[in-house]
$ cat upload16.txt   # compact mmCIF, C-alpha atoms
# COMPACT_ATOMS: atom_id res chain seq x y z
CA MET A 26 0.00 0.00 0.00
CA GLY A 27 1.15 3.49 -0.57
CA ALA A 28 0.44 7.15 -0.92
CA GLU A 29 1.81 9.57 -3.45
CA LEU A 30 1.79 13.31 -2.88
CA LYS A 31 2.12 15.50 -5.92
CA ALA A 32 2.45 19.25 -6.21
CA GLY A 33 2.89 21.02 -9.51
CA THR A 34 2.45 24.28 -11.27
CA VAL A 35 1.36 25.08 -14.79
CA LEU A 36 4.12 26.63 -16.84
CA GLY A 37 2.14 27.33 -19.98
CA THR A 38 -0.21 25.73 -22.45
CA TYR A 39 0.33 23.87 -25.68
CA ASP A 40 -2.13 25.17 -28.26
CA PRO A 41 -3.80 22.83 -30.77
CA SER A 42 -0.91 23.24 -33.18
CA GLY A 43 1.61 22.29 -30.50
CA ARG A 44 2.95 25.78 -29.91
CA LEU A 45 3.75 26.48 -26.29
CA LEU A 46 2.08 29.60 -24.98
CA ALA A 47 3.24 31.16 -21.74
CA SER A 48 0.59 31.73 -19.09
CA PRO A 49 -0.80 35.27 -19.32
CA SER A 50 0.34 37.73 -16.72
CA GLY A 51 -1.55 37.25 -13.47
CA VAL A 52 -2.81 33.79 -14.40
CA THR A 53 -1.51 30.95 -12.23
CA GLU A 54 -2.47 27.36 -11.56
CA GLY A 55 -1.28 24.99 -8.87
CA ASP A 56 -2.14 21.30 -9.07
CA PHE A 57 -2.03 19.04 -6.03
CA GLU A 58 -2.83 15.39 -5.76
CA GLU A 59 -2.74 12.68 -3.14
CA ASP A 60 -3.04 9.19 -4.54
CA LEU A 61 -3.77 6.26 -2.25
CA PHE A 62 -3.03 2.88 -3.77
CA GLY A 63 -2.79 -0.74 -2.84
CA ALA A 64 -1.84 -3.92 -4.66
CA ILE A 65 -2.29 -7.52 -3.67
CA ARG A 66 -0.92 -10.72 -5.19
CA VAL A 67 -3.76 -13.06 -6.11
CA LEU A 68 -1.88 -15.54 -8.29
CA ARG A 69 1.70 -16.78 -8.44
CA ARG A 70 2.32 -14.09 -11.05
CA GLY A 71 -0.82 -11.99 -10.85
CA GLN A 72 -1.69 -8.89 -8.88
CA VAL A 73 -4.62 -6.53 -8.63
CA ALA A 74 -4.42 -2.91 -7.56
CA LEU A 75 -6.65 -0.01 -6.64
CA LEU A 76 -5.76 3.66 -7.00
CA VAL A 77 -7.83 6.39 -5.37
CA PRO A 78 -6.77 9.94 -6.23
CA LEU A 79 -7.62 13.07 -4.30
CA ILE A 80 -7.18 16.20 -6.38
CA GLU A 81 -7.01 19.88 -5.52
CA THR A 82 -6.59 22.77 -7.91
CA GLN A 83 -5.77 26.40 -7.26
CA ARG A 84 -6.34 28.87 -10.07
CA GLN A 85 -6.08 32.60 -10.20
CA ASP A 86 -6.68 35.15 -12.90
CA PRO A 87 -6.98 38.94 -12.84
CA THR A 88 -10.72 38.88 -13.57
CA ASP A 89 -12.00 36.19 -11.23
CA GLY A 90 -9.39 36.25 -8.51
CA GLY A 91 -8.17 33.13 -6.75
CA HIS A 92 -10.16 29.94 -6.31
CA VAL A 93 -9.37 26.58 -4.75
CA GLY A 94 -11.34 23.38 -5.14
CA GLY A 95 -11.01 19.65 -5.40
CA GLY A 96 -12.26 16.26 -4.40
CA ILE A 97 -11.94 12.60 -5.22
CA GLY A 98 -10.71 11.88 -8.73
CA ASP A 99 -11.31 8.97 -11.05
CA VAL A 100 -10.68 5.69 -9.24
CA ASN A 101 -8.69 3.05 -11.09
CA LEU A 102 -8.89 -0.71 -10.60
CA SER A 103 -6.29 -2.71 -12.49
CA ALA A 104 -4.53 -6.03 -12.69
CA ARG A 105 -1.12 -7.21 -13.79
CA TYR A 106 0.07 -10.63 -14.86
CA ASP A 107 3.75 -11.40 -15.40
CA PHE A 108 4.19 -14.00 -18.12
CA VAL A 109 7.99 -13.73 -17.88
CA LEU A 110 9.71 -12.13 -14.92
CA ALA A 111 12.38 -9.52 -15.47
CA GLY A 112 15.70 -11.31 -15.15
CA GLU A 113 14.20 -14.77 -15.62
CA SER A 114 15.56 -15.10 -19.14
CA HIS A 115 18.60 -13.65 -20.85
CA LEU A 116 16.80 -14.09 -24.19
CA LEU A 117 13.46 -12.45 -23.44
CA PRO A 118 12.65 -9.46 -21.29
CA GLY A 119 10.06 -9.68 -18.57
CA VAL A 120 6.62 -9.55 -20.16
CA ALA A 121 3.59 -8.34 -18.25
CA LEU A 122 0.06 -7.56 -19.32
CA LEU A 123 -1.90 -4.93 -17.47
CA GLY A 124 -5.57 -4.22 -17.72
CA GLY A 125 -7.94 -2.04 -15.79
CA VAL A 126 -10.92 0.20 -15.53
CA THR A 127 -11.00 3.83 -14.48
CA PHE A 128 -14.34 4.84 -13.03
CA PRO A 129 -15.81 8.34 -13.45
CA THR A 130 -15.85 9.01 -9.72
CA GLY A 131 -14.40 12.48 -10.16
CA LYS A 132 -16.26 15.60 -11.19
CA PRO A 133 -15.90 16.38 -14.90
CA PRO A 134 -15.20 19.94 -16.06
CA GLU A 135 -18.74 20.23 -17.44
CA LEU A 136 -20.18 19.87 -13.93
CA ALA A 137 -17.55 21.93 -12.16
CA SER A 138 -18.28 25.26 -10.54
CA PRO A 139 -17.73 28.44 -12.51
CA PRO A 140 -15.83 30.57 -13.04
CA LEU A 141 -12.56 28.62 -12.92
CA ALA A 142 -13.78 25.02 -12.50
CA VAL A 143 -11.25 24.33 -9.79
CA ASP A 144 -13.33 21.45 -8.48
CA ALA A 145 -13.03 19.44 -11.69
CA THR A 146 -11.31 16.17 -10.78
CA GLY A 147 -12.17 13.71 -13.53
CA ILE A 148 -12.99 13.23 -17.18
CA GLY A 149 -16.59 12.05 -16.78
CA ALA A 150 -16.21 8.77 -18.63
CA PHE A 151 -15.35 5.16 -17.97
CA GLN A 152 -11.95 4.19 -19.29
CA GLY A 153 -10.80 0.70 -20.12
CA ASN A 154 -7.02 0.38 -20.03
CA ALA A 155 -4.72 -2.29 -21.41
CA ALA A 156 -0.94 -2.23 -21.37
CA LEU A 157 2.01 -4.37 -22.32
CA ALA A 158 5.12 -3.90 -20.20
CA LEU A 159 8.56 -5.20 -21.12
CA GLU A 160 11.17 -5.16 -18.38
CA GLN A 161 14.69 -6.45 -18.16
CA THR A 162 17.50 -6.32 -15.67
CA TYR A 163 21.18 -6.11 -16.54
CA GLY A 164 23.10 -6.24 -13.28
CA PRO A 165 22.14 -3.07 -11.42
CA TRP A 166 20.22 -1.69 -14.40
CA LEU A 167 16.52 -2.11 -14.95
CA PHE A 168 14.84 -1.08 -18.18
CA ASN A 169 11.14 -0.80 -18.84
CA ALA A 170 9.11 -0.10 -21.94
CA THR A 171 5.35 0.08 -21.64
CA GLY A 172 2.65 0.69 -24.21
CA LEU A 173 -0.78 1.55 -22.89
CA LEU A 174 -4.12 2.01 -24.63
CA ALA A 175 -7.19 3.59 -23.04
CA ILE A 176 -10.68 3.38 -24.53
CA ARG A 177 -13.25 5.80 -23.11
CA SER A 178 -17.03 5.71 -22.94
CA ALA A 179 -19.14 8.55 -24.34
CA ARG A 180 -19.42 11.66 -22.23
CA PHE A 181 -21.64 14.74 -22.52
CA GLY A 182 -22.57 14.11 -26.11
CA GLU A 183 -19.08 13.38 -27.32
CA GLN A 184 -16.87 10.36 -27.72
CA LEU A 185 -13.24 10.81 -26.77
CA ALA A 186 -10.75 9.12 -29.07
CA PRO A 187 -8.69 6.21 -27.78
CA GLN A 188 -5.61 7.37 -25.93
CA GLY A 189 -2.20 5.79 -26.37
CA THR A 190 0.72 6.17 -24.03
CA LEU A 191 4.31 5.07 -24.51
CA LEU A 192 6.61 4.93 -21.51
CA ALA A 193 10.31 4.20 -21.33
CA ALA A 194 12.16 4.04 -18.05
CA ALA A 195 15.61 3.14 -16.82
CA ALA A 196 16.67 2.64 -13.23
CA TYR A 197 20.06 2.07 -11.67
CA THR A 198 20.33 0.44 -8.26
CA LEU A 199 23.30 1.44 -6.14
CA PRO A 200 24.97 -1.03 -3.75
CA SER A 201 23.03 0.64 -0.93
CA ASP A 202 19.79 -0.38 -2.71
CA VAL A 203 18.98 3.23 -3.42
CA ALA A 204 17.80 3.43 -7.02
CA LEU A 205 17.76 6.35 -9.42
CA ALA A 206 15.37 6.35 -12.33
CA VAL A 207 14.58 8.41 -15.36
CA SER A 208 11.44 7.94 -17.40
CA ALA A 209 9.78 9.59 -20.32
CA SER A 210 6.21 9.17 -21.48
CA TYR A 211 4.35 10.35 -24.53
CA ALA A 212 0.55 10.28 -24.49
CA PHE A 213 -1.58 11.02 -27.51
CA GLU A 214 -5.20 10.85 -28.61
CA GLY A 215 -7.08 11.77 -31.74
CA GLU A 216 -9.98 14.14 -32.15
CA ALA A 217 -13.20 13.53 -30.25
CA THR A 218 -16.44 13.00 -32.16
CA PHE A 219 -19.85 14.35 -31.31
CA SER A 220 -22.91 12.13 -31.05
CA ASP A 221 -23.93 13.12 -34.58
CA GLY A 222 -20.66 11.74 -35.87
CA THR A 223 -18.97 15.03 -36.60
CA SER A 224 -15.44 15.56 -35.46
CA ALA A 225 -14.59 18.03 -32.71
CA ALA A 226 -12.09 20.12 -34.57
CA ALA A 227 -8.68 20.66 -33.01
CA SER A 228 -9.50 18.48 -30.01
CA SER A 229 -6.66 16.00 -30.33
CA LYS A 230 -4.17 16.02 -27.50
CA ARG A 231 -0.66 14.94 -26.79
CA LEU A 232 1.72 15.40 -23.91
CA THR A 233 5.30 14.49 -23.10
CA VAL A 234 6.39 13.99 -19.51
CA VAL A 235 9.91 13.47 -18.23
CA THR A 236 10.42 12.22 -14.69
CA LEU A 237 13.51 11.87 -12.52
CA SER A 238 13.05 9.72 -9.44
CA GLY A 239 14.96 8.46 -6.46
CA PHE A 240 13.91 5.26 -4.71
CA TRP A 241 15.03 4.50 -1.18
CA PRO A 242 14.12 1.23 0.57
CA VAL A 243 14.26 2.52 4.13
CA THR A 244 13.60 -0.99 5.38
CA ASP A 245 12.46 -4.18 3.67
CA THR A 246 8.88 -3.11 4.25
CA TRP A 247 9.01 0.68 3.87
CA ARG A 248 10.10 2.46 0.71
CA VAL A 249 10.07 6.10 -0.21
CA LEU A 250 10.33 7.69 -3.62
CA GLY A 251 10.90 11.28 -4.55
CA GLY A 252 10.66 12.70 -8.00
CA LEU A 253 10.63 15.67 -10.29
CA TYR A 254 8.35 15.70 -13.29
CA LEU A 255 8.24 18.12 -16.15
CA ASP A 256 6.25 18.54 -19.31
CA PRO A 257 9.16 20.02 -21.23
CA PRO A 258 8.23 23.57 -22.23
CA VAL A 259 9.23 22.97 -25.82
CA ASP A 260 7.04 23.49 -28.87
CA HIS A 261 5.40 20.37 -30.33
CA LEU A 262 5.96 18.14 -27.30
CA GLY A 263 2.31 18.61 -26.48
CA SER A 264 -0.96 19.96 -27.78
CA ASN A 265 -4.21 21.05 -26.17
CA GLN A 266 -2.72 20.43 -22.76
CA PRO A 267 -1.18 22.53 -20.04
CA ALA A 268 2.57 22.13 -19.60
CA ALA A 269 3.37 21.60 -15.97
CA GLY A 270 6.21 20.72 -13.66
CA GLY A 271 6.34 19.61 -10.08
CA LEU A 272 7.42 17.29 -7.32
CA THR A 273 6.23 13.91 -6.15
CA PHE A 274 6.79 12.07 -2.90
CA THR A 275 5.65 8.50 -2.39
CA VAL A 276 5.62 6.19 0.60
CA ILE A 277 5.04 2.46 0.12
CA ARG A 278 4.45 -0.13 2.83
CA SER A 279 4.97 -3.66 1.62
CA TRP A 280 4.02 -6.96 3.20
CA SER A 281 5.92 -9.14 0.73
CA MET B 234 -3.17 12.15 -18.99
CA MET B 235 -0.73 10.74 -16.43
CA LYS B 236 -3.20 8.81 -14.32
CA GLN B 237 -2.68 5.43 -15.95
CA LEU B 238 1.05 5.70 -15.52
CA ALA B 239 0.92 5.90 -11.76
CA LEU B 240 0.34 2.18 -11.27
CA VAL B 241 2.76 1.24 -14.02
CA LEU B 242 5.48 3.10 -12.16
CA PHE B 243 4.31 1.76 -8.82
CA TRP B 244 4.62 -1.82 -10.03
CA LEU B 245 7.96 -1.06 -11.57
CA THR B 246 9.36 0.15 -8.27
CA ALA B 247 7.48 -2.29 -6.08
CA CYS B 248 8.56 -5.47 -7.78
CA ALA B 249 11.26 -5.28 -10.33
CA THR B 250 13.80 -3.28 -8.36
CA ALA B 251 13.47 -5.17 -5.13
CA GLY B 252 12.31 -8.69 -5.79
CA CYS B 253 9.01 -10.26 -4.97
CA ALA B 254 7.47 -12.97 -2.91
CA THR B 255 6.67 -16.33 -4.40
CA PRO B 256 4.25 -18.95 -3.14
CA GLY B 257 5.04 -22.53 -2.31
CA PRO B 258 6.36 -25.59 -4.18
CA ARG B 259 4.74 -27.37 -7.08
CA VAL B 260 5.54 -30.86 -5.79
CA SER B 261 5.52 -32.51 -2.38
CA ALA B 262 8.70 -34.53 -2.88
CA ILE B 263 11.65 -35.07 -5.18
CA ASP B 264 13.65 -38.15 -5.98
CA PRO B 265 16.42 -38.18 -3.36
CA SER B 266 18.72 -40.04 -5.71
CA ALA B 267 18.96 -36.79 -7.67
CA LEU B 268 20.85 -35.25 -4.78
CA PRO B 269 24.64 -35.35 -4.76
CA SER B 270 24.60 -37.26 -1.47
CA ARG B 271 22.18 -38.63 1.09
CA ALA B 272 21.61 -37.41 4.64
CA PRO B 273 18.77 -37.44 7.15
CA TRP B 274 18.05 -33.83 6.24
CA THR B 275 18.98 -31.74 3.22
CA VAL B 276 18.77 -27.98 2.77
CA LEU B 277 18.69 -26.59 -0.77
CA VAL B 278 19.07 -22.85 -1.29
CA PHE B 279 18.72 -21.46 -4.81
CA PHE B 280 21.66 -19.36 -5.89
CA SER B 281 22.27 -16.37 -8.10
CA PRO B 282 25.66 -14.69 -8.05
CA SER B 283 24.20 -11.27 -8.81
CA CYS B 284 21.49 -11.33 -6.16
CA HIS B 285 22.17 -8.76 -3.48
CA CYS B 286 19.49 -10.29 -1.24
CA LEU B 287 21.33 -13.61 -1.25
CA GLU B 288 24.72 -12.04 -0.71
CA GLN B 289 23.37 -10.24 2.33
CA HIS B 290 22.37 -13.62 3.73
CA ASP B 291 25.72 -15.32 3.14
CA GLY B 292 26.79 -14.84 6.75
CA ARG B 293 23.57 -16.30 8.06
CA LEU B 294 23.85 -19.27 5.72
CA ARG B 295 27.39 -19.96 6.89
CA ALA B 296 26.19 -19.79 10.49
CA LEU B 297 23.32 -22.17 9.75
CA TYR B 298 25.73 -24.63 8.19
CA ASP B 299 28.08 -24.44 11.16
CA ALA B 300 25.21 -25.01 13.57
CA TYR B 301 23.29 -27.74 11.78
CA HIS B 302 25.76 -29.69 9.67
CA PRO B 303 27.18 -31.41 12.76
CA ARG B 304 23.61 -32.50 13.52
CA GLY B 305 23.14 -34.37 10.28
CA VAL B 306 21.94 -31.64 7.92
CA GLN B 307 23.62 -31.33 4.55
CA PHE B 308 23.53 -28.02 2.69
CA PHE B 309 23.66 -27.34 -1.04
CA MET B 310 23.37 -24.13 -2.94
CA VAL B 311 21.66 -24.80 -6.25
CA ASP B 312 22.68 -22.87 -9.34
CA SER B 313 19.85 -23.17 -11.87
CA GLU B 314 20.85 -20.13 -13.90
CA VAL B 315 21.38 -20.56 -17.60
CA ARG B 316 24.75 -18.83 -17.55
CA GLY B 317 26.06 -20.75 -14.58
CA SER B 318 28.96 -23.15 -14.83
CA PRO B 319 30.89 -25.38 -12.47
CA GLY B 320 33.81 -22.97 -12.72
CA ARG B 321 31.70 -19.97 -11.79
CA ASP B 322 30.08 -21.86 -8.93
CA GLU B 323 33.39 -23.01 -7.55
CA ALA B 324 34.78 -19.50 -7.66
CA GLU B 325 31.69 -18.04 -6.02
CA ALA B 326 31.73 -20.63 -3.24
CA LEU B 327 35.36 -19.81 -2.53
CA ARG B 328 34.80 -16.05 -2.62
CA ARG B 329 31.82 -16.26 -0.29
CA GLY B 330 33.47 -18.65 2.15
CA TYR B 331 30.83 -21.35 1.78
CA SER B 332 31.68 -24.64 3.44
CA PHE B 333 29.00 -26.29 1.32
CA PRO B 334 29.02 -26.75 -2.44
CA ILE B 335 27.14 -24.89 -5.13
CA VAL B 336 25.75 -27.61 -7.37
CA ARG B 337 24.73 -27.14 -10.99
CA ASP B 338 21.10 -27.63 -11.94
CA ALA B 339 21.54 -27.69 -15.69
CA GLY B 340 18.38 -26.83 -17.55
CA ALA B 341 16.85 -25.62 -14.29
CA THR B 342 15.29 -29.07 -13.96
CA LEU B 343 15.15 -29.02 -10.20
CA ALA B 344 14.11 -25.36 -10.05
CA ASN B 345 11.22 -26.00 -12.39
CA GLU B 346 10.18 -29.13 -10.56
CA LEU B 347 10.06 -27.23 -7.29
CA GLY B 348 8.67 -24.02 -8.79
CA ALA B 349 11.69 -22.04 -7.60
CA GLN B 350 11.60 -18.54 -9.08
CA TYR B 351 13.86 -16.54 -6.84
CA ALA B 352 17.31 -16.78 -5.33
CA THR B 353 17.21 -17.38 -1.55
CA TYR B 354 14.33 -19.84 -2.04
CA SER B 355 15.07 -22.65 0.38
CA VAL B 356 13.80 -26.18 0.74
CA VAL B 357 14.28 -28.71 3.54
CA LEU B 358 14.00 -32.35 2.47
CA ASP B 359 13.89 -35.42 4.61
CA ALA B 360 15.77 -38.61 3.80
CA GLU B 361 12.98 -39.76 1.47
CA GLY B 362 13.03 -36.49 -0.49
CA ARG B 363 9.80 -35.14 0.98
CA ILE B 364 9.58 -31.39 1.24
CA ARG B 365 9.22 -30.50 4.87
CA TYR B 366 9.79 -26.75 4.53
CA ASP B 367 10.00 -24.33 1.64
CA GLY B 368 10.35 -20.57 1.54
CA GLY B 369 12.78 -17.86 2.44
CA ILE B 370 15.86 -18.13 4.62
CA ASP B 371 14.23 -15.64 6.96
CA SER B 372 11.93 -12.64 6.88
CA ASP B 373 14.65 -10.22 5.73
CA LYS B 374 15.28 -9.18 2.16
CA ASN B 375 18.18 -6.79 1.68
CA HIS B 376 18.45 -5.27 5.12
CA LEU B 377 19.20 -7.66 7.94
CA HIS B 378 17.48 -7.15 11.25
CA ASP B 379 18.22 -8.77 14.59
CA ASP B 380 14.54 -9.47 15.09
CA ALA B 381 13.99 -11.18 11.72
CA THR B 382 11.97 -14.37 11.85
CA PRO B 383 14.44 -17.22 11.07
CA TYR B 384 12.13 -19.37 8.96
CA LEU B 385 14.72 -21.90 7.88
CA GLN B 386 16.33 -22.18 11.30
CA ASP B 387 12.95 -22.62 12.98
CA ALA B 388 12.08 -25.39 10.56
CA LEU B 389 15.35 -27.20 11.19
CA ASP B 390 14.95 -26.86 14.95
CA ASP B 391 11.48 -28.35 14.81
CA LEU B 392 12.37 -31.17 12.45
CA LEU B 393 15.46 -32.14 14.42
CA ALA B 394 13.31 -32.17 17.55
CA GLY B 395 11.00 -34.64 15.86
CA ARG B 396 7.99 -32.37 15.37
CA PRO B 397 6.44 -30.78 12.30
CA PRO B 398 7.83 -27.36 11.46
CA ARG B 399 5.84 -24.55 13.04
CA ARG B 400 5.81 -22.96 9.58
CA ALA B 401 6.01 -25.35 6.63
CA GLU B 402 5.93 -22.51 4.06
CA ALA B 403 7.15 -18.94 4.13
CA LYS B 404 7.57 -16.10 1.71
CA THR B 405 10.71 -15.87 -0.36
CA LEU B 406 12.18 -12.43 -0.88
CA GLY B 407 14.89 -12.48 -3.48
CA CYS B 408 15.87 -11.94 -7.10
CA ALA B 409 14.50 -13.69 -10.17
CA LEU B 410 16.54 -16.72 -11.23
CA GLU B 411 17.78 -16.40 -14.81
CA LYS B 412 16.67 -19.88 -15.83
CA TRP B 413 16.58 -19.62 -19.60
$ encode --input "upload16.txt" --output "C-alpha cells"
Amino acid sequence: MGAELKAGTVLGTYDPSGRLLASPSGVTEGDFEEDLFGAIRVLRRGQVALLVPLIETQRQDPTDGGHVGGGIGDVNLSARYDFVLAGESHLLPGVALLGGVTFPTGKPPELASPPLAVDATGIGAFQGNAALALEQTYGPWLFNATGLLAIRSARFGEQLAPQGTLLAAAAYTLPSDVALAVSASYAFEGEATFSDGTSAAASSKRLTVVTLSGFWPVTDTWRVLGGLYLDPPVDHLGSNQPAAGGLTFTVIRSWS
Amino acid sequence: MMKQLALVLFWLTACATAGCATPGPRVSAIDPSALPSRAPWTVLVFFSPSCHCLEQHDGRLRALYDAYHPRGVQFFMVDSEVRGSPGRDEAEALRRGYSFPIVRDAGATLANELGAQYATYSVVLDAEGRIRYDGGIDSDKNHLHDDATPYLQDALDDLLAGRPPRRAEAKTLGCALEKW
C-alpha cells in the first residue's frame, strides 16, 4: 500500500498546433494530488491494484481572482500478470500484461463550478485500459518499456478518441539499494467525435512527460520515492494540454 | 493524462527493483537419488551470483551450516541459472566462504520441478526427499534485522526435535533466477 503526494504548477499551455504559450500575466495554476493505492498478489504471477486519487486545484486570474477546489478523482482498478519475470531469461525481457478500468468518480469539467472550475477532478467517462510492459534487468540496471491504450465511454454528447501512451524508463540500483530512475512518457489521442458523428475540430491532444526519481528502501517493508516531473516547455511536445512541472513524494508499505 | 502511468510506475518500483514474494512448491517430494549425497536432512538454497538479497544472507547461511551440519543436515546451494557453470560456482563458493558446495542444476530441472523462481528460495528435504519446509531463509530481504523471523532455522529446529515445522511454508524475498 502506498500514498503519493504531488504538487505542480502550470508553466504554460500547448495550443492545438503544439505551440507552447506562456501563461498570461496574473494567471496561475497549482495542481495538487494525493493518490492512495494498494496492490495484492492473487496468483503466483498476478496482482490486482486499486488507485484512489484526491485532487485539488488552485487557479487565479486577474478577472475572477483566486479559487481553490477539489475532491476525489477517477478511481482506477487494475490487474497485472507477469508472463515472464524480469531477469528470468537472458533471451526475453520480462513480459507483463496490465488491464484495468477507471471509473468516473471524479467531477468532470462540465459539472464543475464556474468561473474557474477548480473542483473538476475527472474526465466524466469510464476508461478501459490495457498495457504491455517489457522489463529487463542487466546487473544493477533495470529497463522498462510500456505501451498503454485507453478506450473511453461517451461523455456529454461526445466520444473521446482512444488514448495511447508510450513509456520508457531506466533505473540504476546502487549497492546501498537506493535506485535512481529516469522515465519519459508520450501520451496522444485523436480528435473527439460528437454524437452526430462530426469531429470536434482541433480536439486532439498529446503530452510528453519526463520524470527523474529516487527510490530508497528505508527498510524491507518501507520504501520512499521522490521525484521531479516536467512537461518540457518545448514546442510540439504537447498539444491542447497545459505544460506543468512539479514534485512527487511516495511512501510504500509492503508486506511481501 | 498521467493517471494510468501511476500504477505502471508503482509496479515497476514495487517489484522489479526489489524482488518479490513467491508462493510454495509445485511438488511434495523429489527423488532423493537426484541429490549429490544422502543425509537425514537436506537444505537446498537457490543461488544467483548477482542477487544482493542472497549475498546479504551469506553470513547467516554460513552460520546455519556451522550449527546444523554437525547435527546431520547437509547443505547445497543450487545454481539453476542458464549462464552458470561449475567454474563460476566453484569460484563463487570460494569467494563467499561457503563450506558447502554450489551444485549445478543444468536446464533448471530441479528449479522448475520445485517451482523455484527466486534466489534465496530454500527447501528442507527429509531422507525420502519429501519437502518439509519451503520458503525464504528468513523474513529479511536486503536489510538484515536482529529481530527477523528465522524461517529456515525454525524449521530445522522443529524437524530435528521430531515435530512438524511450526511454519512449513514462508515467503521468499529475493531476485529472479535467470533460468533460460
$ atom_distance --input "upload16.txt" --atom1 "CA of Leu122 in chain A" --atom2 "CA of Asp245 in chain A"
26.3 Å
$ residues_around --input "upload16.txt" --residues "range 258-271 of chain B" --least-positions-apart "4" --cutoff "8 Å" --atoms "only C-alpha atoms" --output "MDAnalysis selection string"
chainID B and resid 275 346:349 358 360:364 367
$ residues_around --input "upload16.txt" --residues "Ile65 in chain A" --least-positions-apart "2" --cutoff "10 Å" --atoms "all atoms listed in the file" --output "ChimeraX atom specification"
/A:26,63,67-68,71-75,104,279-281
$ closest_residue --input "upload16.txt" --among "B:Arg396, B:Arg316, B:Arg337, B:Arg304" --to "chain A" --atoms "all atoms listed in the file"
B:Arg316
$ closest_residue --input "upload16.txt" --among "A:Leu136, A:Leu110, A:Ala32, A:Leu159" --to "chain B" --atoms "only C-alpha atoms"
A:Leu110
$ residues_around --input "upload16.txt" --residues "Asp390 in chain B" --least-positions-apart "6" --cutoff "12 Å" --atoms "only C-alpha atoms" --output "count of residues only"
15
$ closest_residue --input "upload16.txt" --among "B:Gln350, B:Gln386, B:Gln289, B:Ser355" --to "chain A" --atoms "only C-alpha atoms"
B:Gln350
$ closest_residue --input "upload16.txt" --among "B:Pro303, B:Pro273, B:Pro319, B:Gly292" --to "Leu392 in chain B" --atoms "all atoms listed in the file"
B:Pro273
$ interface_residues --input "upload16.txt" --of "chain A" --to "chain B" --cutoff "7 Å" --atoms "all atoms listed in the file" --output "VMD selection string"
chain A and resid 69 110 to 115 164 212 244 to 245 281
$ write_last_selection --input "upload16.txt" --atoms "C-alpha atoms" --output "PDB file, keeping the file's coordinate frame"
ATOM      1  CA  ARG A  69       1.700 -16.780  -8.440  1.00  0.00           C
ATOM      2  CA  LEU A 110       9.710 -12.130 -14.920  1.00  0.00           C
ATOM      3  CA  ALA A 111      12.380  -9.520 -15.470  1.00  0.00           C
ATOM      4  CA  GLY A 112      15.700 -11.310 -15.150  1.00  0.00           C
ATOM      5  CA  GLU A 113      14.200 -14.770 -15.620  1.00  0.00           C
ATOM      6  CA  SER A 114      15.560 -15.100 -19.140  1.00  0.00           C
ATOM      7  CA  HIS A 115      18.600 -13.650 -20.850  1.00  0.00           C
ATOM      8  CA  GLY A 164      23.100  -6.240 -13.280  1.00  0.00           C
ATOM      9  CA  ALA A 212       0.550  10.280 -24.490  1.00  0.00           C
ATOM     10  CA  THR A 244      13.600  -0.990   5.380  1.00  0.00           C
ATOM     11  CA  ASP A 245      12.460  -4.180   3.670  1.00  0.00           C
ATOM     12  CA  SER A 281       5.920  -9.140   0.730  1.00  0.00           C
TER      13      SER A 281
END
